[in-house]
Every structure is written in C-alpha cells, then in structure tokens.
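J.: Sharing a structure here in structure tokens format.
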Amino acid sequence: MKSDGRGTIRENVQAAAKSGLKAVGITDHGPRGIGIGVENLSVYRESAAEAGKLEEEFQIRVLIGAEANVTGTDGKLDIPPELAGRLDLLVAGLHPFVLPDRGSEALTWLLPNQFARVSRFARERLRSGNTKAQAEAVRKNPVDIVSHPNLMLAVDLDELARVCARYGTAMEINTGHKYDKEEIVTAALRHGTPISVNSDAHTPSGVGRLGEGEALLERLNFPMEQVFNTRSDFPAGKFRRV
Ligand SMILES: [Zn+2]
C-alpha cells in the first residue's frame, strides 16, 4: 500500500484470500492527509493496473479505491470528481490533520479540528461544521462508505445516518480503532442506513479482522441485507476497462 500502510498490494491481497474474504478494498489515503496521504494521484491508476492479475491469481475481487479527506464544509474531497467516478470504492471521511486548500476554511474549521482531539469543548463546538462537511461530501460525491464517523472528530450521527440512507452510502464500523461503535449502528437502524465493517488494516496481518464488527451487528440484530460487505454488485474495475 502506498500511503501509510505496510506491505505490497500483493501481500495484502494474499492475506485477504487466506483469511477467506471474497473481496478486498485497497484504499490509500487521499493526498491532503498530512504525513499519511499518497504523494501523487497516479498511485491509484498504478494500483488498478495490478489488480486484474492479482484477482486471477488469488481468486478474490480486488477493489481499488481511495479514502478521501473531506477538505471543506462544502463537501469538497481531495480526490477530484473525475478520479472519484472511476474508483471501485470511494471512502470519504474526516481526519484531524489535513492540508487546507488555498483560501479555504483553514482558520475557522480545519485548524481548530486539529485541537479537537485534545479538547472536548473544541470537539463539541465543531460538531455542526463537521456534520455539514461530511453530509455535503455524501451529497456531492459518489461516496460508497463514510469512514469512521465520530472517531476523533465529532459528528451528529443521526443527521449523517439520515443523509447516508438517502444516498445509499454506508457508514463504517472500523474494527481497527477503539471508539463507540454501538451508537453508529443504532443510528443506522433508525434510518435504514447501510453499514460497512472494515478492518482498516494497515498491515497484511490485520486484513480480514472483522469479528468485533460482526459480533456487534449480530448483537443489535442489524439486518444482513443492510450490510455493505454482503454486496456483490461492485463495478468491475472501471480503471481496468479503459
Ligand atoms: Zn481514516
């Protein structure tokens, strides 16, 4: 993986096949994540070029996507629309350390969010801006999954679940981090929002570790047909067809 993860795509795909998954998503961080983003957008095309061969070798679907950063309260992403439309899987979420665009809300929104991790007061105060940013991102981009809502940066889960349900976007249960996941599932239940369980693996050994999320969905009687992971209608490698 080519942003902050370890292991080659081949090693991660191999680990996914070994753990019994039928599909695996490779979603390197968008370029504006400070210290974790890809250096160049061409990374996604390069990854896509490898995917077909690996699918044949390991008999598993390989979805090439990105985890985009929401960079403004207008819902702008650091993955441009023409690229977003060609990815197999578009994940988009809020992250505390994001490079602002020129003339953007650096002082009013992005920078304060960097402090929100340590101050509960700041965290609460930024909730409505975060919710607006994430909801607009879902409205304006073909987002498949909202990554880790409410992890580090606070959002109104009820409002986000409502918007996601309307656009068929899943909210993520991220088994790679410790935070309150039950409130995400209950918000999704209230609004009929899909849920996606993801390992957020940053190493091959973490791929396929979904047990905590599966157990949570089972305990809360979450309907299987609302679970994004069970979908079989993923687009077939739009990059690879051209
Ligand atoms: Zn993330």
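Identifiers for the structure tokens are assigned positionally: chains receive A, B, ... in sequence, residues are indexed from 1 per chain, and ligands are indexed from 1 in the order shown.
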Which residues are near ligand 1 - at most 7 Å, using only C-alpha atoms and all ligand atoms? Format: as a list in words.

T.: Glu67, Gly93, His95, Ser147 and His148 of chain A

J.: Put those residues in a file: N, CA and C atoms, as a compact mmCIF listing (two decimals), in the first residue's frame.

T.:
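Output (result-v6.txt):
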```txt
# COMPACT_ATOMS: atom_id res chain seq x y z
N GLU A 67 -9.37 6.42 0.30
CA GLU A 67 -10.03 7.04 1.45
C GLU A 67 -9.75 8.53 1.35
N GLY A 93 -13.90 10.53 4.55
CA GLY A 93 -14.08 10.79 5.97
C GLY A 93 -13.32 12.01 6.45
N HIS A 95 -10.62 13.72 8.94
CA HIS A 95 -9.36 13.41 9.63
C HIS A 95 -8.82 14.70 10.21
N SER A 147 -16.01 6.94 6.28
CA SER A 147 -15.10 6.25 7.19
C SER A 147 -15.26 6.75 8.63
N HIS A 148 -15.20 5.79 9.55
CA HIS A 148 -15.21 6.00 11.00
C HIS A 148 -15.91 7.27 11.49
```

J.: Among stretch 16-204 of chain A, which residues does DSSP mark as helix (DSSP H, G or I) when it is run on the backbone? Keep the chain and numbering as in the structure and answer as an MDAnalysis selection string.

T.: chainID A and resid 16:18 42:58 81:84 106:115 120:125 127:140 157:167 182:191 204

J.: Can you tell me which residues surround A:Thr193 at a distance of at most 10 Å, considering only C-alpha atoms, apart from same-chain residues fewer than 2 positions away, and format the answer as a count of residues only?

T.: 25

J.: Choose the residue, out of A:Leu94, A:Ile26, A:Val197, A:Ala135, that has the smallest atom-to-atom separation from A:Ala154; count only C-alpha atoms.

T.: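 Distance minimum relative to A:Ala154 lands on A:Leu94.
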
J.: May I have the residues within 12 Å of stretch 35-45 of chain A as a ChimeraX atom specification, using only C-alpha atoms and disregarding those fewer than 3 positions away in the same chain?

T.: /A:1-6,9,26-32,48-51,63-69,78-80,82-84,86-90,95-99,202,237-242

J.: Check the DSSP output for the backbone and give back, as a ChimeraX atom specification, the residues of stretch 58-170 of chain A in strand (DSSP E or B).

T.: /A:61-70,77,89-93,98,145-146,170

J.: At a cut-off of 12 Å, using only C-alpha atoms, what residues contact A:Glu212? Leave out same-chain residues fewer than 6 positions from it and give the result as a list of chain:residue names.

T.: A:Ile173, A:Asn174, A:Thr175, A:Gly176, A:His177, A:Lys178, A:Lys181, A:Glu182, A:Val197, A:Asn198, A:Ser199, A:Glu218, A:Arg219

J.: Would you please work out which residue, of A:Leu157, A:Ile60, A:Ile34, A:Val70, is nearest to A:Ala15 when using only C-alpha atoms?

T.: A:Ile60
